[in-house]
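As provided, query.cif (mmCIF, C-alpha atoms and all ligand atoms) reads as follows.
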data_data
#
loop_
_atom_site.label_atom_id
_atom_site.label_comp_id
_atom_site.auth_asym_id
_atom_site.auth_seq_id
_atom_site.Cartn_x
_atom_site.Cartn_y
_atom_site.Cartn_z
CA MET A 1 0.00 0.00 0.00
CA ASN A 2 1.42 3.40 -0.88
CA VAL A 3 1.59 6.44 1.33
CA GLN A 4 -1.30 8.20 -0.45
CA SER A 5 -3.76 5.37 0.10
CA ILE A 6 -2.72 5.11 3.74
CA LYS A 7 -3.48 8.80 4.16
CA GLN A 8 -6.87 8.26 2.61
CA ARG A 9 -7.66 5.25 4.76
CA PHE A 10 -6.63 6.95 8.00
CA SER A 11 -7.92 10.45 7.09
CA ILE A 12 -4.48 11.98 7.26
CA ILE A 13 -4.26 15.35 5.53
CA GLY A 14 -0.95 16.76 4.34
CA ASN A 15 1.71 16.37 1.74
CA SER A 16 4.89 17.55 3.39
CA ALA A 17 7.97 15.43 2.97
CA LEU A 18 8.41 15.13 6.75
CA LEU A 19 4.90 13.71 7.18
CA ASN A 20 5.31 11.32 4.26
CA ARG A 21 8.56 10.09 5.75
CA ALA A 22 6.92 9.38 9.13
CA ILE A 23 4.15 7.39 7.41
CA ASP A 24 6.72 5.52 5.36
CA ILE A 25 8.69 4.46 8.46
CA ALA A 26 5.46 3.31 10.14
CA VAL A 27 4.65 1.09 7.16
CA GLN A 28 8.18 -0.30 7.01
CA VAL A 29 8.28 -1.20 10.70
CA ALA A 30 4.71 -2.53 10.88
CA PRO A 31 5.34 -6.20 9.89
CA THR A 32 8.17 -6.57 12.44
CA ASP A 33 7.66 -6.97 16.17
CA LEU A 34 9.97 -4.10 17.08
CA SER A 35 8.97 -1.54 19.71
CA VAL A 36 8.27 1.91 18.31
CA LEU A 37 8.48 5.26 20.07
CA ILE A 38 6.47 8.06 18.49
CA THR A 39 7.56 11.55 19.45
CA GLY A 40 6.39 15.03 18.52
CA GLU A 41 4.81 18.11 20.08
CA SER A 42 1.30 18.07 21.44
CA GLY A 43 -1.38 18.04 18.76
CA VAL A 44 0.80 16.96 15.81
CA GLY A 45 -1.22 13.81 15.15
CA LYS A 46 0.70 11.02 16.89
CA GLU A 47 -2.33 8.94 17.78
CA VAL A 48 -3.03 7.60 14.30
CA PHE A 49 0.45 6.08 13.88
CA PRO A 50 0.09 3.11 16.26
CA GLN A 51 -3.13 2.25 14.42
CA ILE A 52 -1.31 2.26 11.08
CA ILE A 53 1.41 0.01 12.51
CA HIS A 54 -1.08 -2.40 14.08
CA ASN A 55 -3.19 -2.58 10.94
CA PHE A 56 -0.23 -3.36 8.72
CA SER A 57 1.18 -5.99 11.05
CA SER A 58 0.43 -9.71 11.33
CA ARG A 59 -1.31 -8.85 14.61
CA LYS A 60 -4.09 -6.91 12.88
CA HIS A 61 -6.67 -9.53 13.87
CA GLY A 62 -5.48 -9.46 17.48
CA SER A 63 -6.55 -6.84 19.98
CA TYR A 64 -5.35 -3.27 19.89
CA ILE A 65 -5.42 -1.55 23.28
CA ALA A 66 -4.62 2.14 23.65
CA VAL A 67 -3.70 3.15 27.20
CA ASN A 68 -3.37 6.78 28.21
CA CYS A 69 -0.71 6.43 30.87
CA GLY A 70 -1.20 10.02 32.02
CA ALA A 71 -4.88 9.49 32.78
CA ILE A 72 -4.60 6.47 35.07
CA PRO A 73 -4.02 7.16 38.78
CA GLU A 74 -0.59 6.10 40.01
CA GLY A 75 -2.10 3.72 42.56
CA THR A 76 -3.94 1.61 40.00
CA ILE A 77 -1.72 1.70 36.94
CA ASP A 78 0.20 -1.51 37.76
CA SER A 79 -3.05 -3.36 38.25
CA GLU A 80 -4.53 -1.91 35.03
CA LEU A 81 -1.50 -2.93 32.97
CA PHE A 82 -0.54 -6.21 34.60
CA GLY A 83 -3.69 -7.30 36.47
CA HIS A 84 -4.05 -8.27 40.12
CA GLU A 85 -4.93 -11.19 42.36
CA LYS A 86 -7.97 -11.27 44.61
CA GLY A 87 -7.23 -9.59 47.96
CA SER A 88 -3.95 -8.06 46.80
CA PHE A 89 -5.14 -4.60 47.93
CA THR A 90 -8.20 -3.08 49.56
CA GLY A 91 -11.03 -3.33 47.07
CA ALA A 92 -9.49 -6.18 45.05
CA TYR A 93 -12.54 -8.45 45.52
CA GLU A 94 -11.83 -10.44 42.39
CA SER A 95 -8.69 -11.23 40.47
CA ARG A 96 -8.45 -9.34 37.19
CA LYS A 97 -6.50 -9.56 33.96
CA GLY A 98 -4.40 -6.56 32.96
CA TYR A 99 -4.00 -5.11 29.46
CA PHE A 100 -0.79 -7.06 28.86
CA GLU A 101 -2.70 -10.29 29.39
CA VAL A 102 -5.77 -9.25 27.41
CA ALA A 103 -3.71 -7.98 24.47
CA ASN A 104 -1.79 -11.25 24.12
CA GLY A 105 -1.18 -11.65 20.38
CA GLY A 106 -2.01 -8.01 19.72
CA THR A 107 -0.66 -4.50 20.21
CA ILE A 108 -0.59 -2.14 23.18
CA PHE A 109 -0.27 1.59 22.56
CA LEU A 110 1.15 3.33 25.62
CA ASP A 111 0.26 6.97 25.06
CA GLU A 112 1.98 9.62 27.22
CA VAL A 113 4.47 6.97 28.27
CA ALA A 114 6.67 9.51 30.09
CA GLU A 115 3.92 9.81 32.71
CA LEU A 116 4.49 6.25 33.93
CA PRO A 117 5.68 6.03 37.54
CA LEU A 118 9.22 4.69 37.92
CA SER A 119 8.04 1.47 39.59
CA THR A 120 5.77 0.75 36.61
CA GLN A 121 8.65 1.52 34.25
CA VAL A 122 10.58 -1.35 35.90
CA ARG A 123 7.70 -3.76 35.27
CA LEU A 124 7.36 -2.55 31.70
CA LEU A 125 11.06 -3.00 30.99
CA ARG A 126 10.81 -6.55 32.29
CA VAL A 127 7.89 -7.48 30.06
CA LEU A 128 9.66 -5.93 27.06
CA GLU A 129 12.83 -7.88 27.72
CA THR A 130 11.48 -11.25 28.80
CA GLY A 131 7.88 -11.28 27.58
CA GLU A 132 6.94 -12.09 31.18
CA PHE A 133 5.13 -10.19 33.89
CA ILE A 134 3.60 -10.78 37.33
CA ARG A 135 0.12 -9.72 38.40
CA VAL A 136 -0.04 -7.40 41.43
CA GLY A 137 -0.16 -9.57 44.55
CA SER A 138 1.05 -12.70 42.77
CA SER A 139 4.41 -14.39 42.40
CA LYS A 140 3.59 -16.34 39.27
CA ASN A 141 5.24 -15.35 35.99
CA ILE A 142 2.82 -15.00 33.12
CA LYS A 143 3.97 -15.09 29.49
CA THR A 144 2.54 -12.69 26.95
CA ASN A 145 3.20 -11.84 23.34
CA VAL A 146 2.45 -8.15 22.96
CA ARG A 147 3.87 -5.55 20.64
CA VAL A 148 4.44 -2.25 22.39
CA ILE A 149 4.13 1.12 20.70
CA ALA A 150 4.64 4.18 22.88
CA ALA A 151 4.16 7.91 22.33
CA THR A 152 5.15 11.05 24.14
CA ASN A 153 5.19 14.80 23.65
CA VAL A 154 7.77 15.41 26.36
CA ASP A 155 11.50 15.70 25.91
CA ILE A 156 12.51 12.22 27.10
CA SER A 157 16.23 13.01 27.38
CA LYS A 158 15.31 15.81 29.80
CA ALA A 159 13.06 13.43 31.75
CA ILE A 160 15.97 10.98 31.93
CA SER A 161 18.38 13.61 33.23
CA GLN A 162 15.79 14.61 35.83
CA GLY A 163 15.54 10.99 36.97
CA LYS A 164 11.90 10.74 35.90
CA PHE A 165 12.40 8.24 33.12
CA ARG A 166 14.60 5.15 33.03
CA GLU A 167 17.29 5.33 30.38
CA ASP A 168 17.27 1.55 29.81
CA LEU A 169 13.52 1.65 29.17
CA PHE A 170 13.94 4.54 26.76
CA TYR A 171 16.45 2.57 24.65
CA ARG A 172 14.21 -0.48 24.76
CA LEU A 173 11.13 1.47 23.60
CA ASN A 174 13.02 3.57 21.10
CA THR A 175 14.09 0.62 18.94
CA VAL A 176 12.47 2.42 16.02
CA PRO A 177 11.80 6.12 16.55
CA ILE A 178 9.16 7.95 14.53
CA TYR A 179 9.15 11.72 14.74
CA ILE A 180 5.96 13.55 13.79
CA PRO A 181 6.78 17.06 12.55
CA ASN A 182 5.37 20.31 13.99
CA LEU A 183 2.78 22.12 11.95
CA ARG A 184 5.09 25.16 11.60
CA ASP A 185 7.55 22.90 9.78
CA ARG A 186 4.79 21.80 7.41
CA LYS A 187 3.67 25.23 6.17
CA GLU A 188 2.45 23.74 2.90
CA ASP A 189 -0.08 21.62 4.82
CA VAL A 190 -1.65 24.39 6.90
CA HIS A 191 -4.14 25.65 4.32
CA LEU A 192 -5.02 22.10 3.23
CA LEU A 193 -5.84 21.18 6.82
CA PHE A 194 -7.82 24.39 7.31
CA ARG A 195 -9.94 23.65 4.24
CA LYS A 196 -10.55 20.07 5.34
CA PHE A 197 -11.65 21.13 8.84
CA ALA A 198 -13.83 23.96 7.43
CA ILE A 199 -15.57 21.59 4.99
CA ASP A 200 -16.07 18.86 7.60
CA PHE A 201 -17.59 21.38 9.98
CA ALA A 202 -19.86 22.83 7.28
CA GLU A 203 -21.10 19.37 6.27
CA ARG A 204 -21.78 18.36 9.85
CA ASN A 205 -23.70 21.55 10.51
CA ARG A 206 -25.30 21.93 7.05
CA MET A 207 -23.92 25.37 6.33
CA PRO A 208 -21.57 26.85 3.71
CA ALA A 209 -17.89 26.40 4.47
CA ILE A 210 -15.71 29.37 5.36
CA ASN A 211 -12.99 30.54 2.94
CA LEU A 212 -9.89 32.60 3.49
CA THR A 213 -8.70 35.63 1.52
CA GLU A 214 -5.17 35.48 0.11
CA GLU A 215 -3.80 37.70 2.85
CA ALA A 216 -5.49 35.56 5.49
CA VAL A 217 -3.90 32.41 3.99
CA ARG A 218 -0.51 34.09 4.24
CA ILE A 219 -1.10 34.83 7.92
CA LEU A 220 -2.34 31.31 8.58
CA MET A 221 0.85 29.89 7.09
CA ASN A 222 3.14 32.16 9.05
CA TYR A 223 1.57 31.52 12.41
CA ARG A 224 3.61 29.43 14.87
CA TRP A 225 0.80 27.01 15.78
CA PRO A 226 2.07 26.08 19.25
CA GLY A 227 -0.87 23.68 19.63
CA ASN A 228 -0.27 22.28 16.12
CA ILE A 229 -3.12 20.56 14.24
CA ARG A 230 -5.35 20.37 17.31
CA GLN A 231 -5.17 24.15 17.62
CA LEU A 232 -5.76 24.71 13.88
CA LYS A 233 -8.83 22.46 14.04
CA ASN A 234 -10.23 24.31 17.08
CA ILE A 235 -9.68 27.72 15.53
CA THR A 236 -11.25 26.70 12.22
CA GLU A 237 -14.30 25.45 14.05
CA GLN A 238 -14.49 28.56 16.22
CA ILE A 239 -14.41 30.84 13.16
CA SER A 240 -16.94 28.63 11.35
CA VAL A 241 -19.43 28.93 14.15
CA ILE A 242 -18.90 32.55 15.17
CA GLU A 243 -18.44 34.45 11.89
CA THR A 244 -21.56 35.09 9.84
CA ASN A 245 -19.59 36.25 6.80
CA ARG A 246 -18.19 33.14 5.12
CA VAL A 247 -15.20 34.97 3.66
CA ILE A 248 -12.56 35.41 6.33
CA ASP A 249 -10.03 38.17 5.79
CA ASP A 250 -6.74 38.79 7.60
CA LYS A 251 -8.29 41.16 10.15
CA ILE A 252 -10.90 38.64 11.26
CA LEU A 253 -8.40 35.80 11.30
CA LEU A 254 -5.99 37.79 13.46
CA MET A 255 -8.68 38.13 16.12
CA TYR A 256 -8.48 34.38 16.55
CA LEU A 257 -4.68 34.38 16.71
CA PRO A 258 -4.22 36.83 19.58
CA ASP A 259 -0.51 36.25 20.07
CA PHE A 260 0.36 36.57 16.40
CA TYR A 261 2.20 39.88 16.80
CA GLU A 262 3.87 38.89 20.07
CA GLU A 263 5.37 35.92 18.34
CA LYS A 264 6.96 38.20 15.81
CA LEU A 265 8.84 39.98 18.57
CA PRO A 266 12.40 38.76 18.94
CA ALA A 267 12.83 36.72 22.07
CA LEU A 268 16.60 37.05 22.17
CA TYR A 269 18.42 40.04 20.82
CA ASP A 270 21.90 38.95 20.03
CA ALA A 271 23.49 42.29 19.16
CA PRO A 272 26.62 43.19 21.14
CA ILE A 273 25.89 45.31 24.22
CA ASP A 274 27.50 48.69 23.94
CA GLN A 275 30.44 49.17 26.28
CA LYS A 276 28.91 52.16 28.06
CA THR A 277 25.75 50.26 29.01
CA PHE A 278 27.84 47.35 30.15
CA ASN A 279 30.06 49.55 32.33
CA ASN A 280 27.05 51.28 33.87
CA GLU A 281 25.38 47.99 34.63
CA ARG A 282 28.53 46.57 36.10
CA GLU A 283 28.96 49.62 38.29
CA LEU A 284 25.39 49.30 39.47
CA LEU A 285 25.88 45.65 40.31
CA TYR A 286 29.09 46.40 42.20
CA LYS A 287 27.29 49.06 44.17
CA ILE A 288 24.45 46.69 45.06
CA LEU A 289 26.93 44.01 46.12
CA PHE A 290 28.97 46.48 48.13
CA ASP A 291 25.84 47.78 49.90
CA MET A 292 24.72 44.23 50.62
CA LYS A 293 28.10 43.35 52.08
CA ASN A 294 27.98 46.42 54.30
CA ASP A 295 24.48 45.52 55.48
CA VAL A 296 25.52 41.97 56.30
CA THR A 297 28.58 43.22 58.21
CA ASP A 298 26.43 45.73 60.10
CA LEU A 299 23.91 43.04 60.95
CA LYS A 300 26.63 40.69 62.15
CA LYS A 301 27.97 43.46 64.33
CA LEU A 302 24.52 44.24 65.69
CA VAL A 303 23.78 40.60 66.49
CA LEU A 304 27.17 40.12 68.14
CA GLU A 305 26.68 43.25 70.23
CA ILE A 306 23.25 42.05 71.37
CA MET A 307 24.63 38.62 72.18
CA LYS A 308 27.53 40.05 74.14
CA LYS A 309 25.44 42.48 76.14
CA GLY A 310 22.41 40.27 76.48
CA VAL A 311 20.16 43.35 76.30
CA VAL A 312 19.25 45.94 73.71
CA ASP A 313 20.16 49.34 75.08
CA THR A 314 20.61 52.92 73.89
CA ASP A 315 24.18 52.31 72.78
CA ILE A 316 23.14 49.50 70.52
CA HIS A 317 20.48 51.70 68.93
CA GLU A 318 22.90 54.57 68.53
CA ASN A 319 25.78 52.54 67.22
CA ASN A 320 23.60 50.81 64.69
CA ALA A 321 21.25 53.61 63.77
CA ARG A 322 22.09 53.30 60.08
CA ILE A 323 21.27 49.65 59.74
CA ILE A 324 18.23 49.84 62.01
CA GLN A 325 16.91 52.74 59.98
CA LYS A 326 17.59 50.87 56.80
CA LEU A 327 15.81 47.78 58.08
CA TYR A 328 12.71 49.74 58.97
CA GLN A 329 13.07 52.19 56.07
CA LYS A 330 12.26 55.12 58.37
CA ASP A 331 13.69 57.14 61.22
CA VAL A 332 13.87 55.09 64.34
CA PRO A 333 13.72 57.14 67.50
CA ILE A 334 16.66 56.62 69.80
CA VAL A 335 15.35 54.49 72.61
CA GLN A 336 16.01 55.72 76.11
CA LYS A 337 17.52 53.21 78.52
CA ASP A 338 14.42 53.24 80.72
CA ASP A 339 12.11 52.50 77.78
CA ILE A 340 13.68 49.17 77.08
CA PRO A 341 11.79 46.18 78.43
CA LYS A 342 14.95 44.35 79.37
CA ARG A 343 13.47 40.96 80.03
CA ASN A 344 11.96 40.68 76.57
CA PHE A 345 15.25 41.32 74.89
CA GLU A 346 17.42 39.17 77.04
CA VAL A 347 19.48 36.70 75.07
CA ILE A 348 19.80 33.38 76.77
CA ARG A 349 23.27 32.02 76.34
CA GLU A 350 23.91 28.52 77.49
CA GLN A 351 27.54 28.31 76.52
CA ASP A 352 29.95 30.96 75.41
CA ASP A 353 31.29 28.80 72.63
CA ASP A 354 27.92 29.00 70.93
CA ILE A 355 29.24 32.12 69.27
CA GLN A 356 31.37 30.53 66.70
CA ASP A 357 32.26 33.21 64.24
CA THR A 358 33.41 35.87 66.69
CA GLU A 359 36.82 35.98 65.10
CA GLU A 360 35.45 36.60 61.69
CA ILE A 361 33.16 39.34 62.92
CA ILE A 362 35.97 41.10 64.76
CA GLU A 363 38.00 40.98 61.61
CA GLU A 364 35.12 42.37 59.63
CA SER A 365 34.39 45.08 62.14
CA LEU A 366 38.03 46.17 61.95
CA SER A 367 37.73 46.79 58.27
CA LEU A 368 34.38 48.38 58.95
CA GLU A 369 36.12 50.79 61.31
CA GLU A 370 38.42 51.82 58.51
CA LYS A 371 35.47 52.39 56.23
CA GLU A 372 33.61 54.21 58.99
CA LYS A 373 36.59 56.50 59.58
CA GLU A 374 36.84 57.17 55.88
CA TYR A 375 33.12 57.99 55.58
CA ILE A 376 33.18 60.24 58.65
CA MET A 377 36.12 62.17 57.27
CA LYS A 378 34.43 62.47 53.88
CA ALA A 379 31.18 63.68 55.45
CA LEU A 380 32.99 66.22 57.65
CA ASP A 381 34.94 67.40 54.66
CA LYS A 382 31.83 67.78 52.56
CA HIS A 383 30.05 69.82 55.21
CA ALA A 384 33.08 71.90 56.10
CA GLY A 385 33.41 70.37 59.53
CA LYS A 386 29.76 71.00 60.45
CA ARG A 387 28.97 67.93 62.59
CA LYS A 388 25.22 68.34 62.52
CA TYR A 389 25.04 68.00 58.73
CA ALA A 390 27.77 65.38 58.58
CA ALA A 391 25.85 63.25 61.12
CA GLN A 392 22.66 63.64 59.08
CA GLU A 393 24.45 62.54 55.93
CA LEU A 394 25.92 59.53 57.74
CA GLY A 395 22.57 58.60 59.25
CA ILE A 396 23.82 58.68 62.84
CA SER A 397 23.09 60.99 65.76
CA GLU A 398 25.31 64.00 66.39
CA ARG A 399 26.20 62.51 69.75
CA THR A 400 27.46 59.29 68.13
CA LEU A 401 29.42 61.25 65.58
CA TYR A 402 31.02 63.26 68.35
CA ARG A 403 31.92 60.06 70.18
CA LYS A 404 33.32 58.47 67.03
CA ILE A 405 35.42 61.51 66.20
CA LYS A 406 36.94 61.24 69.64
CA GLU A 407 37.31 57.49 69.39
CA TYR A 408 39.14 57.65 66.06
CA GLY A 409 41.09 60.75 67.05
CA LEU A 410 39.77 62.61 64.05
CA ASN A 411 39.73 66.01 65.75
CA GLU A 412 43.41 66.07 66.52
CA ASP A 413 44.62 67.54 63.26
N1 LIG A 501 -2.65 14.93 9.37
C1 LIG A 501 -3.83 15.12 9.97
N2 LIG A 501 -4.94 15.25 9.24
C2 LIG A 501 -6.10 15.48 9.83
N3 LIG A 501 -6.28 15.60 11.14
C3 LIG A 501 -5.23 15.47 11.89
C4 LIG A 501 -3.94 15.21 11.37
N4 LIG A 501 -3.06 15.12 12.37
C5 LIG A 501 -3.76 15.34 13.50
N5 LIG A 501 -5.06 15.54 13.21
C6 LIG A 501 -6.10 15.81 14.20
O1 LIG A 501 -5.52 16.70 15.17
C7 LIG A 501 -5.95 16.36 16.47
C8 LIG A 501 -4.74 16.10 17.36
O2 LIG A 501 -4.10 14.91 16.97
P1 LIG A 501 -3.60 13.81 18.05
O3 LIG A 501 -4.64 13.63 19.10
O4 LIG A 501 -3.13 12.62 17.32
O5 LIG A 501 -2.39 14.63 18.67
P2 LIG A 501 -1.17 14.09 19.56
O6 LIG A 501 0.06 14.22 18.74
O7 LIG A 501 -1.52 12.75 20.09
O8 LIG A 501 -1.14 15.19 20.72
P3 LIG A 501 -0.87 14.98 22.30
O9 LIG A 501 0.60 14.78 22.43
O10 LIG A 501 -1.33 16.27 22.88
O11 LIG A 501 -1.70 13.82 22.73
C9 LIG A 501 -6.87 15.18 16.33
O12 LIG A 501 -8.20 15.66 16.28
C10 LIG A 501 -6.49 14.59 14.99
O13 LIG A 501 -7.57 13.94 14.40
MG MG A 502 -2.11 12.11 22.01
#

Translate this file's structure into structure tokens.
Ligand SMILES: Nc1ncnc2c1ncn2[C@@H]1O[C@H](COP(=O)(O)OP(=O)(O)OP(=O)(O)O)[C@@H](O)[C@H]1O
Ligand SMILES: [Mg+2]
Amino acid sequence: MNVQSIKQRFSIIGNSALLNRAIDIAVQVAPTDLSVLITGESGVGKEVFPQIIHNFSSRKHGSYIAVNCGAIPEGTIDSELFGHEKGSFTGAYESRKGYFEVANGGTIFLDEVAELPLSTQVRLLRVLETGEFIRVGSSKNIKTNVRVIAATNVDISKAISQGKFREDLFYRLNTVPIYIPNLRDRKEDVHLLFRKFAIDFAERNRMPAINLTEEAVRILMNYRWPGNIRQLKNITEQISVIETNRVIDDKILLMYLPDFYEEKLPALYDAPIDQKTFNNERELLYKILFDMKNDVTDLKKLVLEIMKKGVVDTDIHENNARIIQKLYQKDVPIVQKDDIPKRNFEVIREQDDDIQDTEEIIEESLSLEEKEKEYIMKALDKHAGKRKYAAQELGISERTLYRKIKEYGLNED
């Protein structure tokens, strides 16, 4: 049987070389007993291929069972596929044959095979390799002669690297791979499919079929069709039912392809970034990192001070006014000693050696002192020695600034 008559028999529309090749491989592999893995995006038309293979095999008079692995709950899938013995789990009142037993001499199509739980994948690998399986709750090997065809729209190599799919099972299933092309790689088929779906809909509903203007055809062919043929079919039917005018122009069509323009936008712009932008961005990043480092150092200092003192007092507030203000994003009033409810803030220390990074913090605070000195000098310089304004700029109280000037001996020269 040639490819054209197969298309006719299975109502496959399209003439692209990629589609013809997929059909050709299916016909070639059909008479063998090899496992076949059908891949392709969602909606490309994978489901008809196992039927072609089964119908052109010597098993065509045997049963053909299509199992949607993604639709069966994880708890029952083993029992569905391999059967179970009476009493093997709650609710197993009778023993039951699974699909692998029922389809003996025929074909099983495992659709959405990547959805199989790992434990079921082990059982499947075993039946593929030995032709034997065990019912749930039994220890008896049962022989079966089933041809397995699987399909998936997920990236199996990704599933393997994520540990969701067994590599050995993949190789076993993928003995003969058949790839079904995306609709966007079959541009020449888009209008053919549209016309077929429009005519089918019109016949079913006894109304004239819709037609596209030339410009609309051009748009239809250039669309990305992320949902492939399923999406094209849905849109054709939507337009057929909604539009009263049977001639569909580009403007009407575009209303049904809402993301058409968005798709034309470049996702990745690969032009070289100009040096100035790069430098500015790098500077900004450095500044953010520097500020973050300062905040972390300040916080470490604050925590250490609280842990050492065991209470939060005025000094702590004063010494850390900048970070406290930053944390609360507003002016924090300096707390008077008497206002502090000491008990609530007491830090319970069981052992001194609980503070493990003291050394590191001291080291950090030393460098912080240098930075602090530098900033105080800069602020004083900027405000011509006026402490009030320098303190404001630094975000500390005038009193603290005065103390720090004395502490660092900054007023000596
Ligand atoms: N070449 C084609 N000619 C006509 N109709 C097609 C063709 N290919 C697919 N279709 C139709 O498109 C729809 C989607 O096809 P199908 O269900 O086989 O997709 P799929 O590849 O199995 O997608 P998924 O991975 O989401 O299950 C079906 O209604 C099918 O009849
Ligand atoms: Mg499918």

Could you list, as a PDB file with C-alpha atoms, in the coordinates of the input, all residues that come within 9 Å of ligand MG 502 (chain A)? Count all atoms listed in the file.
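Saved to part_7.pdb:
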ATOM      1  CA  SER A  42       1.300  18.070  21.440  1.00  0.00           C
ATOM      2  CA  GLY A  43      -1.380  18.040  18.760  1.00  0.00           C
ATOM      3  CA  VAL A  44       0.800  16.960  15.810  1.00  0.00           C
ATOM      4  CA  GLY A  45      -1.220  13.810  15.150  1.00  0.00           C
ATOM      5  CA  LYS A  46       0.700  11.020  16.890  1.00  0.00           C
ATOM      6  CA  GLU A  47      -2.330   8.940  17.780  1.00  0.00           C
ATOM      7  CA  VAL A  48      -3.030   7.600  14.300  1.00  0.00           C
ATOM      8  CA  ASN A  68      -3.370   6.780  28.210  1.00  0.00           C
ATOM      9  CA  ASP A 111       0.260   6.970  25.060  1.00  0.00           C
ATOM     10  CA  GLU A 112       1.980   9.620  27.220  1.00  0.00           C
ATOM     11  CA  ALA A 151       4.160   7.910  22.330  1.00  0.00           C
ATOM     12  CA  THR A 152       5.150  11.050  24.140  1.00  0.00           C
ATOM     13  CA  ASN A 153       5.190  14.800  23.650  1.00  0.00           C
TER      14      ASN A 153
END

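Straight-line separation from atom CA of Arg387 of chain A to atom CA of Gln325 of chain A: 19.6 Å.
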
Please identify every polymer residue within 10 Å of ligand LIG 501 (chain A), using all atoms listed in the file, and present the set as a PyMOL selection string.
chain A and resi 7-8+10-16+19+38-49+68+111-112+151-154+180-183+189-190+192-194+196-197+227-234

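Checking A:Ser57, A:Gln4, A:Asn211, A:Ser157 one by one against Ala114 of chain A, counting all atoms listed in the file, you find the shortest gap at A:Ser157.
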
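You will find atom CA of Phe56 of chain A at 11.9 Å from atom CA of Ile25 of chain A.
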
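In this comparison, which uses all atoms listed in the file, the residue of A:Lys164, A:His54, A:Arg59, A:Lys308 approaching Leu116 of chain A most closely is A:Lys164.
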
Would you mind listing what lies within 8 Å of segment 368-378 of chain A as a ChimeraX atom specification, with all atoms listed in the file counted and same-chain residues fewer than 4 positions away left out?
/A:297,364,382,390,394,401,405,408,410

Enclose all atoms of segment 299-309 of chain A listed in the file in an axis-aligned box, grow every side by 4 Å, and hand back centre and edge lengths in Å to one decimal, as lines of an AutoDock Vina configuration file.
center_x = 25.6
center_y = 41.4
center_z = 68.5
size_x = 12.7
size_y = 13.6
size_z = 23.2
